[in-house]
There are 2 protein chains.
Amino acid sequence: MATQPHGEQPQLPIPGVQHLIAVGSGKGGVGKTTVAVNLAVALAGLGYKAGLLDADVYGPNVPLMMGIQETPHAVDDIIQPLEQYGVRLMSMGFLSPGDKPLVWRGPMLHSVIQQFLRRVNWGELDYLIIDLPPGTGDVQLSLIQTASISGAIVVTTPSDVSLEDARKAVNMFGQVRVPILGMVENMSYLTCPHCHERIDVFSTGGGRRTAEQMGVYFLGELALDPAVRIGGDSGNPITLKDSGDPHAAAYFQMARDVVRRVAEVGQESGPSIEVTD
Amino acid sequence: MATQPHGEQPQLPIPGVQHLIAVGSGKGGVGKTTVAVNLAVALAGLGYKAGLLDADVYGPNVPLMMGIQETPHAVDDIIQPLEQYGVRLMSMGFLSPGDKPLVWRGPMLHSVIQQFLRRVNWGELDYLIIDLPPGTGDVQLSLIQTASISGAIVVTTPSDVSLEDARKAVNMFGQVRVPILGMVENMSYLTCPHCHERIDVFSTGGGRRTAEQMGVYFLGELALDPAVRIGGDSGNPITLKDSGDPHAAAYFQMARDVVRRVAEVGQESGPSIEVTD
């Protein structure tokens, strides 16, 4: 079980939750939810108490990817999270299943996400992963301004279009002083299942290069592989496989890296005194 | 040049613009902007007067994909659109270039998009393509409720996660009575550049199946191909190539199909009398 490596924690915003980790992206469709789901399952697999808050209220894909579709119960106005694969879960998809789009205005949205943070009985958690909506809009800003986030992960693909938006996401977190745990290059390359040659579908290397240019940590490359996508589409995240599977192994490595980075940025930032020059 | 196939048009909301076509998706990263850009360039290539409004104000990728980054001029408070490859263009990316994220609240966003529609000197256009923000949020709803949209294209990949969100997008357009011109399955398959075998990276066939289930027209499959992505990343859309290129040919075919579908749904819907049963 994880112990707290440093004594001087800022006041925790959610009782019992040690660390909030935001997973964001400048652009949708880069695998943000895939990373959030597999990170949460890997953390649980490593023995940490993990939760996953699906804050992508317009496109909540966590229920499908985690293979669970039930209605959570409320006890005394507090929602009980669901649990799957050892991960406590909350998603708008549990409350409004089906194909009907939720077309909510900003203030309602803000209220829902606050309730997901504050009115859910998360219990004791080492890590609560927040799958942010893609982009750098006001929902993201509201959420990260009102919660004490330990750090953020920015997911990108190596394509220039995705990197352009990833830089915006890094800058958004910087503006609100949330430390970046690292950047992940997802869909980094594809190995042809027929001839086993490598195909750089979305280019390659741009994640590492952009991370270096922006002075943020690089959490590594994750392959574009049908097995990972099938895992998501079927509700069986690839990280349920043991570490003999190369894709699962990459996620477990990333999860260990994230744990180390959370401790590092906690020590770097120390007490929340603002230094201006 | 395109002529109007039917006389009884509803009042046009933007003087001189014959048809507004919205390109949306339930989820980001499925190639919505790639489809919008190549559709606009293909329409221009077919001899139509085409414009492209990048309404994805948080992640405006049109400037990068169209290879143009200039500041538009305003004359008497009316913004002059830029022009590239025969397509008139407006994007937040022209007004706020660089990596700084725009973290705007909903009402400001609404106002900006309205200005892009009403305060831009679009001139005479046969088709104005609107690249919507991904998803089914309030920005999308505001825009399609306040503009007289001839029809919408929904872009998806064949993955279940993307299809789940695409169904929401189809239902969103249905709720506000915007006819669906068709659904496009993008990233449908990849041909290995080494062994030329077909790889169904994101599964396959789900776009056509979902379109049939929902009773919407299927506009076809577009391959996942590095050449298309490189075209976008380098500002040279694949549709600048002649129709000998198979990817360009697929887009030109889709553009012709869209022109036909706009005429069809215009006749289907006729005068805007609401029929209830």
# chains A, B, ... in the order shown; residues from 1 in each chain; ligands from 1
$ select_by_dssp --residues "stretch 118-213 of chain B" --states "strand (DSSP E or B)" --output "list in words"
Val120, Leu125, Asp126, Tyr127, Leu128, Ile129, Ile130, Asp131, Gly151, Ala152, Ile153, Val154, Val155, Thr156, Ile180, Leu181, Gly182, Met183, Val184, Glu185, Leu190, Thr191, Arg198, Ile199, Val201 and Ser203 of chain B
$ interface_residues --of "chain B" --to "chain A" --cutoff "8 Å" --atoms "only C-alpha atoms" --output "PyMOL selection string"
chain B and resi 26-30+58-59+61+64-65+99-106+134-138+141+159-161+164-165+167-169+171-172+192-195+197+199-203+225-226+229+232-233
$ residues_around --residues "stretch 32-49 of chain B" --least-positions-apart "4" --cutoff "8 Å" --atoms "only C-alpha atoms" --output "MDAnalysis selection string"
chainID B and resid 1:2 23:25 28 61:62 65:66 85:87 124:127 129:131 134 155:156 232 237:240 251:252 254:256
$ atom_distance --atom1 "atom CA of B:Gly244" --atom2 "atom CA of B:Gly51"
24.8 Å
$ residues_around --residues "B:Met92" --least-positions-apart "3" --cutoff "8 Å" --atoms "only C-alpha atoms" --output "list in words"
Asp54, Ala55, Asp56, Val57, Pro60, Leu95, Ser96 and Pro97 of chain B
$ write_last_selection --atoms "N, CA and C atoms" --output "short mmCIF file (atom, residue, chain, number, x, y, z; two decimals), in the first residue's frame"
data_model
loop_
_atom_site.label_atom_id
_atom_site.label_comp_id
_atom_site.auth_asym_id
_atom_site.auth_seq_id
_atom_site.Cartn_x
_atom_site.Cartn_y
_atom_site.Cartn_z
N ASP B 54 -14.16 27.72 -39.14
CA ASP B 54 -13.61 26.86 -38.09
C ASP B 54 -14.25 27.29 -36.77
N ALA B 55 -15.31 26.59 -36.37
CA ALA B 55 -16.03 26.96 -35.15
C ALA B 55 -15.46 26.25 -33.92
N ASP B 56 -14.38 25.50 -34.12
CA ASP B 56 -13.75 24.82 -33.00
C ASP B 56 -12.79 25.82 -32.34
N VAL B 57 -13.38 26.74 -31.56
CA VAL B 57 -12.60 27.88 -31.09
C VAL B 57 -11.54 27.50 -30.05
N PRO B 60 -8.58 25.27 -32.69
CA PRO B 60 -8.72 25.62 -34.11
C PRO B 60 -7.55 25.08 -34.93
N LEU B 95 -6.96 34.79 -35.22
CA LEU B 95 -7.05 35.95 -34.32
C LEU B 95 -6.19 35.76 -33.07
N SER B 96 -5.99 34.51 -32.69
CA SER B 96 -5.22 34.24 -31.48
C SER B 96 -4.22 33.13 -31.76
N PRO B 97 -3.21 33.42 -32.60
CA PRO B 97 -2.27 32.37 -32.94
C PRO B 97 -1.37 32.03 -31.75
#
$ select_by_dssp --residues "stretch 15-203 of chain B" --states "alpha helix (DSSP H)" --output "PDB file with N, CA, C and O atoms, in the first residue's frame"
ATOM      1  N   LYS B  32     -12.671  14.961 -37.938  1.00  0.00           N
ATOM      2  CA  LYS B  32     -13.717  15.916 -38.322  1.00  0.00           C
ATOM      3  C   LYS B  32     -13.139  17.090 -39.117  1.00  0.00           C
ATOM      4  O   LYS B  32     -13.665  17.449 -40.174  1.00  0.00           O
ATOM      5  N   THR B  33     -12.066  17.689 -38.628  1.00  0.00           N
ATOM      6  CA  THR B  33     -11.477  18.829 -39.325  1.00  0.00           C
ATOM      7  C   THR B  33     -10.840  18.397 -40.640  1.00  0.00           C
ATOM      8  O   THR B  33     -10.931  19.114 -41.640  1.00  0.00           O
ATOM      9  N   THR B  34     -10.248  17.211 -40.654  1.00  0.00           N
ATOM     10  CA  THR B  34      -9.685  16.685 -41.901  1.00  0.00           C
ATOM     11  C   THR B  34     -10.784  16.548 -42.953  1.00  0.00           C
ATOM     12  O   THR B  34     -10.596  16.923 -44.117  1.00  0.00           O
ATOM     13  N   VAL B  35     -11.945  16.040 -42.533  1.00  0.00           N
ATOM     14  CA  VAL B  35     -13.066  15.898 -43.466  1.00  0.00           C
ATOM     15  C   VAL B  35     -13.567  17.277 -43.900  1.00  0.00           C
ATOM     16  O   VAL B  35     -13.788  17.522 -45.095  1.00  0.00           O
ATOM     17  N   ALA B  36     -13.700  18.209 -42.947  1.00  0.00           N
ATOM     18  CA  ALA B  36     -14.216  19.540 -43.275  1.00  0.00           C
ATOM     19  C   ALA B  36     -13.292  20.262 -44.254  1.00  0.00           C
ATOM     20  O   ALA B  36     -13.751  20.846 -45.250  1.00  0.00           O
ATOM     21  N   VAL B  37     -11.998  20.206 -43.986  1.00  0.00           N
ATOM     22  CA  VAL B  37     -11.007  20.880 -44.838  1.00  0.00           C
ATOM     23  C   VAL B  37     -11.021  20.273 -46.243  1.00  0.00           C
ATOM     24  O   VAL B  37     -11.080  20.992 -47.250  1.00  0.00           O
ATOM     25  N   ASN B  38     -10.978  18.957 -46.318  1.00  0.00           N
ATOM     26  CA  ASN B  38     -10.906  18.319 -47.635  1.00  0.00           C
ATOM     27  C   ASN B  38     -12.217  18.427 -48.398  1.00  0.00           C
ATOM     28  O   ASN B  38     -12.210  18.514 -49.635  1.00  0.00           O
ATOM     29  N   LEU B  39     -13.320  18.466 -47.678  1.00  0.00           N
ATOM     30  CA  LEU B  39     -14.610  18.685 -48.336  1.00  0.00           C
ATOM     31  C   LEU B  39     -14.651  20.084 -48.947  1.00  0.00           C
ATOM     32  O   LEU B  39     -15.063  20.263 -50.106  1.00  0.00           O
ATOM     33  N   ALA B  40     -14.193  21.083 -48.191  1.00  0.00           N
ATOM     34  CA  ALA B  40     -14.198  22.462 -48.700  1.00  0.00           C
ATOM     35  C   ALA B  40     -13.275  22.598 -49.912  1.00  0.00           C
ATOM     36  O   ALA B  40     -13.654  23.210 -50.929  1.00  0.00           O
ATOM     37  N   VAL B  41     -12.080  22.024 -49.835  1.00  0.00           N
ATOM     38  CA  VAL B  41     -11.129  22.121 -50.948  1.00  0.00           C
ATOM     39  C   VAL B  41     -11.664  21.356 -52.162  1.00  0.00           C
ATOM     40  O   VAL B  41     -11.538  21.812 -53.307  1.00  0.00           O
ATOM     41  N   ALA B  42     -12.295  20.206 -51.915  1.00  0.00           N
ATOM     42  CA  ALA B  42     -12.859  19.429 -53.026  1.00  0.00           C
ATOM     43  C   ALA B  42     -14.010  20.185 -53.690  1.00  0.00           C
ATOM     44  O   ALA B  42     -14.112  20.215 -54.919  1.00  0.00           O
ATOM     45  N   LEU B  43     -14.867  20.827 -52.881  1.00  0.00           N
ATOM     46  CA  LEU B  43     -15.977  21.606 -53.455  1.00  0.00           C
ATOM     47  C   LEU B  43     -15.437  22.740 -54.317  1.00  0.00           C
ATOM     48  O   LEU B  43     -15.938  22.989 -55.416  1.00  0.00           O
ATOM     49  N   ALA B  44     -14.386  23.400 -53.815  1.00  0.00           N
ATOM     50  CA  ALA B  44     -13.759  24.466 -54.611  1.00  0.00           C
ATOM     51  C   ALA B  44     -13.182  23.880 -55.900  1.00  0.00           C
ATOM     52  O   ALA B  44     -13.315  24.467 -56.975  1.00  0.00           O
ATOM     53  N   GLY B  45     -12.575  22.700 -55.783  1.00  0.00           N
ATOM     54  CA  GLY B  45     -12.005  22.032 -56.958  1.00  0.00           C
ATOM     55  C   GLY B  45     -13.073  21.650 -57.980  1.00  0.00           C
ATOM     56  O   GLY B  45     -12.803  21.580 -59.178  1.00  0.00           O
ATOM     57  N   VAL B  62      -7.765  24.446 -38.278  1.00  0.00           N
ATOM     58  CA  VAL B  62      -7.898  24.750 -39.705  1.00  0.00           C
ATOM     59  C   VAL B  62      -6.693  25.540 -40.250  1.00  0.00           C
ATOM     60  O   VAL B  62      -6.199  25.221 -41.330  1.00  0.00           O
ATOM     61  N   PRO B  63      -6.174  26.562 -39.532  1.00  0.00           N
ATOM     62  CA  PRO B  63      -5.024  27.279 -40.093  1.00  0.00           C
ATOM     63  C   PRO B  63      -3.845  26.356 -40.415  1.00  0.00           C
ATOM     64  O   PRO B  63      -3.269  26.432 -41.504  1.00  0.00           O
ATOM     65  N   LEU B  64      -3.515  25.451 -39.487  1.00  0.00           N
ATOM     66  CA  LEU B  64      -2.424  24.507 -39.727  1.00  0.00           C
ATOM     67  C   LEU B  64      -2.738  23.619 -40.925  1.00  0.00           C
ATOM     68  O   LEU B  64      -1.911  23.445 -41.826  1.00  0.00           O
ATOM     69  N   MET B  65      -3.943  23.082 -40.965  1.00  0.00           N
ATOM     70  CA  MET B  65      -4.279  22.124 -42.033  1.00  0.00           C
ATOM     71  C   MET B  65      -4.426  22.788 -43.393  1.00  0.00           C
ATOM     72  O   MET B  65      -4.256  22.136 -44.420  1.00  0.00           O
ATOM     73  N   MET B  66      -4.786  24.110 -43.392  1.00  0.00           N
ATOM     74  CA  MET B  66      -4.906  24.816 -44.669  1.00  0.00           C
ATOM     75  C   MET B  66      -3.612  25.576 -45.005  1.00  0.00           C
ATOM     76  O   MET B  66      -3.536  26.233 -46.048  1.00  0.00           O
ATOM     77  N   MET B  92     -10.652  31.070 -35.288  1.00  0.00           N
ATOM     78  CA  MET B  92     -10.087  31.717 -34.108  1.00  0.00           C
ATOM     79  C   MET B  92      -8.560  31.661 -34.134  1.00  0.00           C
ATOM     80  O   MET B  92      -7.889  32.516 -33.589  1.00  0.00           O
ATOM     81  N   GLY B  93      -8.034  30.639 -34.802  1.00  0.00           N
ATOM     82  CA  GLY B  93      -6.577  30.500 -34.895  1.00  0.00           C
ATOM     83  C   GLY B  93      -5.922  31.673 -35.616  1.00  0.00           C
ATOM     84  O   GLY B  93      -4.742  31.955 -35.417  1.00  0.00           O
ATOM     85  N   PHE B  94      -6.675  32.398 -36.459  1.00  0.00           N
ATOM     86  CA  PHE B  94      -6.110  33.572 -37.134  1.00  0.00           C
ATOM     87  C   PHE B  94      -6.040  34.762 -36.180  1.00  0.00           C
ATOM     88  O   PHE B  94      -5.216  35.647 -36.341  1.00  0.00           O
ATOM     89  N   LEU B  95      -6.957  34.789 -35.216  1.00  0.00           N
ATOM     90  CA  LEU B  95      -7.046  35.950 -34.322  1.00  0.00           C
ATOM     91  C   LEU B  95      -6.194  35.759 -33.072  1.00  0.00           C
ATOM     92  O   LEU B  95      -5.773  36.716 -32.448  1.00  0.00           O
ATOM     93  N   GLY B 106     -18.871  30.155 -21.597  1.00  0.00           N
ATOM     94  CA  GLY B 106     -19.875  29.902 -22.633  1.00  0.00           C
ATOM     95  C   GLY B 106     -20.425  31.114 -23.359  1.00  0.00           C
ATOM     96  O   GLY B 106     -20.405  31.147 -24.596  1.00  0.00           O
ATOM     97  N   PRO B 107     -20.895  32.134 -22.639  1.00  0.00           N
ATOM     98  CA  PRO B 107     -21.518  33.268 -23.327  1.00  0.00           C
ATOM     99  C   PRO B 107     -20.566  33.995 -24.285  1.00  0.00           C
ATOM    100  O   PRO B 107     -20.961  34.381 -25.391  1.00  0.00           O
ATOM    101  N   MET B 108     -19.290  34.118 -23.899  1.00  0.00           N
ATOM    102  CA  MET B 108     -18.325  34.757 -24.789  1.00  0.00           C
ATOM    103  C   MET B 108     -18.147  33.947 -26.065  1.00  0.00           C
ATOM    104  O   MET B 108     -18.054  34.465 -27.166  1.00  0.00           O
ATOM    105  N   LEU B 109     -18.101  32.634 -25.851  1.00  0.00           N
ATOM    106  CA  LEU B 109     -17.915  31.703 -26.950  1.00  0.00           C
ATOM    107  C   LEU B 109     -19.052  31.846 -27.956  1.00  0.00           C
ATOM    108  O   LEU B 109     -18.844  31.896 -29.164  1.00  0.00           O
ATOM    109  N   HIS B 110     -20.246  31.886 -27.428  1.00  0.00           N
ATOM    110  CA  HIS B 110     -21.438  32.029 -28.254  1.00  0.00           C
ATOM    111  C   HIS B 110     -21.340  33.294 -29.094  1.00  0.00           C
ATOM    112  O   HIS B 110     -21.603  33.284 -30.304  1.00  0.00           O
ATOM    113  N   SER B 111     -20.924  34.370 -28.451  1.00  0.00           N
ATOM    114  CA  SER B 111     -20.806  35.652 -29.132  1.00  0.00           C
ATOM    115  C   SER B 111     -19.761  35.603 -30.253  1.00  0.00           C
ATOM    116  O   SER B 111     -19.977  36.150 -31.338  1.00  0.00           O
ATOM    117  N   VAL B 112     -18.651  34.930 -29.998  1.00  0.00           N
ATOM    118  CA  VAL B 112     -17.598  34.846 -31.016  1.00  0.00           C
ATOM    119  C   VAL B 112     -18.080  34.098 -32.244  1.00  0.00           C
ATOM    120  O   VAL B 112     -17.882  34.530 -33.385  1.00  0.00           O
ATOM    121  N   ILE B 113     -18.756  32.985 -32.014  1.00  0.00           N
ATOM    122  CA  ILE B 113     -19.214  32.192 -33.153  1.00  0.00           C
ATOM    123  C   ILE B 113     -20.272  32.950 -33.944  1.00  0.00           C
ATOM    124  O   ILE B 113     -20.292  32.918 -35.177  1.00  0.00           O
ATOM    125  N   GLN B 114     -21.146  33.669 -33.234  1.00  0.00           N
ATOM    126  CA  GLN B 114     -22.137  34.482 -33.934  1.00  0.00           C
ATOM    127  C   GLN B 114     -21.446  35.540 -34.803  1.00  0.00           C
ATOM    128  O   GLN B 114     -21.875  35.819 -35.921  1.00  0.00           O
ATOM    129  N   GLN B 115     -20.372  36.120 -34.287  1.00  0.00           N
ATOM    130  CA  GLN B 115     -19.644  37.117 -35.070  1.00  0.00           C
ATOM    131  C   GLN B 115     -18.988  36.488 -36.291  1.00  0.00           C
ATOM    132  O   GLN B 115     -18.914  37.098 -37.354  1.00  0.00           O
ATOM    133  N   PHE B 116     -18.498  35.252 -36.108  1.00  0.00           N
ATOM    134  CA  PHE B 116     -17.892  34.558 -37.250  1.00  0.00           C
ATOM    135  C   PHE B 116     -18.932  34.289 -38.333  1.00  0.00           C
ATOM    136  O   PHE B 116     -18.627  34.265 -39.518  1.00  0.00           O
ATOM    137  N   LEU B 117     -20.163  34.073 -37.932  1.00  0.00           N
ATOM    138  CA  LEU B 117     -21.226  33.847 -38.913  1.00  0.00           C
ATOM    139  C   LEU B 117     -21.703  35.155 -39.535  1.00  0.00           C
ATOM    140  O   LEU B 117     -21.884  35.251 -40.748  1.00  0.00           O
ATOM    141  N   ARG B 118     -21.898  36.172 -38.675  1.00  0.00           N
ATOM    142  CA  ARG B 118     -22.636  37.366 -39.121  1.00  0.00           C
ATOM    143  C   ARG B 118     -21.767  38.555 -39.479  1.00  0.00           C
ATOM    144  O   ARG B 118     -22.201  39.431 -40.209  1.00  0.00           O
ATOM    145  N   ASP B 138     -23.118  22.795 -25.478  1.00  0.00           N
ATOM    146  CA  ASP B 138     -24.003  23.938 -25.691  1.00  0.00           C
ATOM    147  C   ASP B 138     -23.516  24.858 -26.805  1.00  0.00           C
ATOM    148  O   ASP B 138     -24.320  25.544 -27.431  1.00  0.00           O
ATOM    149  N   VAL B 139     -22.228  24.852 -27.097  1.00  0.00           N
ATOM    150  CA  VAL B 139     -21.729  25.656 -28.207  1.00  0.00           C
ATOM    151  C   VAL B 139     -22.314  25.143 -29.518  1.00  0.00           C
ATOM    152  O   VAL B 139     -22.815  25.912 -30.346  1.00  0.00           O
ATOM    153  N   GLN B 140     -22.276  23.823 -29.671  1.00  0.00           N
ATOM    154  CA  GLN B 140     -22.832  23.204 -30.869  1.00  0.00           C
ATOM    155  C   GLN B 140     -24.321  23.528 -30.982  1.00  0.00           C
ATOM    156  O   GLN B 140     -24.819  23.881 -32.043  1.00  0.00           O
ATOM    157  N   LEU B 141     -25.011  23.390 -29.868  1.00  0.00           N
ATOM    158  CA  LEU B 141     -26.453  23.606 -29.874  1.00  0.00           C
ATOM    159  C   LEU B 141     -26.797  25.054 -30.224  1.00  0.00           C
ATOM    160  O   LEU B 141     -27.668  25.318 -31.060  1.00  0.00           O
ATOM    161  N   SER B 142     -26.093  26.001 -29.585  1.00  0.00           N
ATOM    162  CA  SER B 142     -26.332  27.420 -29.878  1.00  0.00           C
ATOM    163  C   SER B 142     -26.163  27.686 -31.363  1.00  0.00           C
ATOM    164  O   SER B 142     -26.980  28.354 -31.999  1.00  0.00           O
ATOM    165  N   LEU B 143     -25.077  27.159 -31.911  1.00  0.00           N
ATOM    166  CA  LEU B 143     -24.764  27.455 -33.301  1.00  0.00           C
ATOM    167  C   LEU B 143     -25.823  26.891 -34.236  1.00  0.00           C
ATOM    168  O   LEU B 143     -26.333  27.605 -35.110  1.00  0.00           O
ATOM    169  N   ILE B 144     -26.188  25.628 -34.040  1.00  0.00           N
ATOM    170  CA  ILE B 144     -27.118  25.038 -34.998  1.00  0.00           C
ATOM    171  C   ILE B 144     -28.545  25.520 -34.769  1.00  0.00           C
ATOM    172  O   ILE B 144     -29.379  25.428 -35.658  1.00  0.00           O
ATOM    173  N   GLN B 145     -28.811  26.092 -33.594  1.00  0.00           N
ATOM    174  CA  GLN B 145     -30.148  26.641 -33.384  1.00  0.00           C
ATOM    175  C   GLN B 145     -30.302  28.039 -33.970  1.00  0.00           C
ATOM    176  O   GLN B 145     -31.408  28.464 -34.282  1.00  0.00           O
ATOM    177  N   THR B 146     -29.199  28.762 -34.089  1.00  0.00           N
ATOM    178  CA  THR B 146     -29.316  30.149 -34.522  1.00  0.00           C
ATOM    179  C   THR B 146     -28.949  30.334 -35.992  1.00  0.00           C
ATOM    180  O   THR B 146     -29.064  31.420 -36.523  1.00  0.00           O
ATOM    181  N   ASP B 160     -16.137   1.236 -31.335  1.00  0.00           N
ATOM    182  CA  ASP B 160     -17.400   1.304 -30.591  1.00  0.00           C
ATOM    183  C   ASP B 160     -17.493   2.585 -29.785  1.00  0.00           C
ATOM    184  O   ASP B 160     -18.578   3.165 -29.638  1.00  0.00           O
ATOM    185  N   VAL B 161     -16.371   3.014 -29.227  1.00  0.00           N
ATOM    186  CA  VAL B 161     -16.362   4.231 -28.414  1.00  0.00           C
ATOM    187  C   VAL B 161     -16.761   5.442 -29.257  1.00  0.00           C
ATOM    188  O   VAL B 161     -17.558   6.278 -28.837  1.00  0.00           O
ATOM    189  N   SER B 162     -16.229   5.511 -30.458  1.00  0.00           N
ATOM    190  CA  SER B 162     -16.555   6.631 -31.338  1.00  0.00           C
ATOM    191  C   SER B 162     -18.004   6.533 -31.815  1.00  0.00           C
ATOM    192  O   SER B 162     -18.726   7.543 -31.885  1.00  0.00           O
ATOM    193  N   LEU B 163     -18.453   5.323 -32.103  1.00  0.00           N
ATOM    194  CA  LEU B 163     -19.833   5.141 -32.584  1.00  0.00           C
ATOM    195  C   LEU B 163     -20.840   5.513 -31.501  1.00  0.00           C
ATOM    196  O   LEU B 163     -21.896   6.079 -31.795  1.00  0.00           O
ATOM    197  N   GLU B 164     -20.506   5.182 -30.254  1.00  0.00           N
ATOM    198  CA  GLU B 164     -21.380   5.534 -29.127  1.00  0.00           C
ATOM    199  C   GLU B 164     -21.629   7.051 -29.133  1.00  0.00           C
ATOM    200  O   GLU B 164     -22.755   7.519 -28.969  1.00  0.00           O
ATOM    201  N   ASP B 165     -20.559   7.817 -29.331  1.00  0.00           N
ATOM    202  CA  ASP B 165     -20.690   9.269 -29.336  1.00  0.00           C
ATOM    203  C   ASP B 165     -21.316   9.783 -30.633  1.00  0.00           C
ATOM    204  O   ASP B 165     -22.015  10.801 -30.634  1.00  0.00           O
ATOM    205  N   ALA B 166     -21.070   9.080 -31.743  1.00  0.00           N
ATOM    206  CA  ALA B 166     -21.655   9.502 -33.027  1.00  0.00           C
ATOM    207  C   ALA B 166     -23.178   9.411 -32.973  1.00  0.00           C
ATOM    208  O   ALA B 166     -23.881  10.265 -33.518  1.00  0.00           O
ATOM    209  N   ARG B 167     -23.697   8.376 -32.302  1.00  0.00           N
ATOM    210  CA  ARG B 167     -25.159   8.254 -32.176  1.00  0.00           C
ATOM    211  C   ARG B 167     -25.724   9.460 -31.435  1.00  0.00           C
ATOM    212  O   ARG B 167     -26.789   9.965 -31.774  1.00  0.00           O
ATOM    213  N   LYS B 168     -24.986   9.928 -30.426  1.00  0.00           N
ATOM    214  CA  LYS B 168     -25.435  11.122 -29.700  1.00  0.00           C
ATOM    215  C   LYS B 168     -25.466  12.336 -30.626  1.00  0.00           C
ATOM    216  O   LYS B 168     -26.381  13.160 -30.557  1.00  0.00           O
ATOM    217  N   ALA B 169     -24.463  12.442 -31.488  1.00  0.00           N
ATOM    218  CA  ALA B 169     -24.413  13.591 -32.407  1.00  0.00           C
ATOM    219  C   ALA B 169     -25.587  13.532 -33.380  1.00  0.00           C
ATOM    220  O   ALA B 169     -26.241  14.550 -33.634  1.00  0.00           O
ATOM    221  N   VAL B 170     -25.888  12.358 -33.922  1.00  0.00           N
ATOM    222  CA  VAL B 170     -27.028  12.218 -34.835  1.00  0.00           C
ATOM    223  C   VAL B 170     -28.308  12.634 -34.112  1.00  0.00           C
ATOM    224  O   VAL B 170     -29.133  13.387 -34.647  1.00  0.00           O
ATOM    225  N   ASN B 171     -28.446  12.193 -32.863  1.00  0.00           N
ATOM    226  CA  ASN B 171     -29.656  12.543 -32.107  1.00  0.00           C
ATOM    227  C   ASN B 171     -29.717  14.032 -31.780  1.00  0.00           C
ATOM    228  O   ASN B 171     -30.800  14.620 -31.762  1.00  0.00           O
ATOM    229  N   MET B 172     -28.559  14.628 -31.533  1.00  0.00           N
ATOM    230  CA  MET B 172     -28.540  16.075 -31.282  1.00  0.00           C
ATOM    231  C   MET B 172     -29.071  16.834 -32.496  1.00  0.00           C
ATOM    232  O   MET B 172     -29.924  17.722 -32.359  1.00  0.00           O
ATOM    233  N   PHE B 173     -28.577  16.502 -33.686  1.00  0.00           N
ATOM    234  CA  PHE B 173     -29.064  17.188 -34.888  1.00  0.00           C
ATOM    235  C   PHE B 173     -30.560  16.928 -35.074  1.00  0.00           C
ATOM    236  O   PHE B 173     -31.306  17.807 -35.476  1.00  0.00           O
ATOM    237  N   GLY B 174     -30.980  15.693 -34.769  1.00  0.00           N
ATOM    238  CA  GLY B 174     -32.396  15.359 -34.876  1.00  0.00           C
ATOM    239  C   GLY B 174     -33.255  16.215 -33.957  1.00  0.00           C
ATOM    240  O   GLY B 174     -34.316  16.693 -34.353  1.00  0.00           O
ATOM    241  N   GLN B 175     -32.777  16.415 -32.737  1.00  0.00           N
ATOM    242  CA  GLN B 175     -33.534  17.204 -31.766  1.00  0.00           C
ATOM    243  C   GLN B 175     -33.783  18.625 -32.255  1.00  0.00           C
ATOM    244  O   GLN B 175     -34.812  19.221 -31.950  1.00  0.00           O
TER     245      GLN B 175
END
$ residues_around --residues "stretch 219-221 of chain B" --least-positions-apart "6" --cutoff "6 Å" --atoms "only C-alpha atoms" --output "count of residues only"
6
$ atom_distance --atom1 "atom CA of B:Pro158" --atom2 "atom CA of B:Ala22"
20.6 Å
$ atom_distance --atom1 "atom CA of B:Val17" --atom2 "atom CA of B:Val176"
20.9 Å
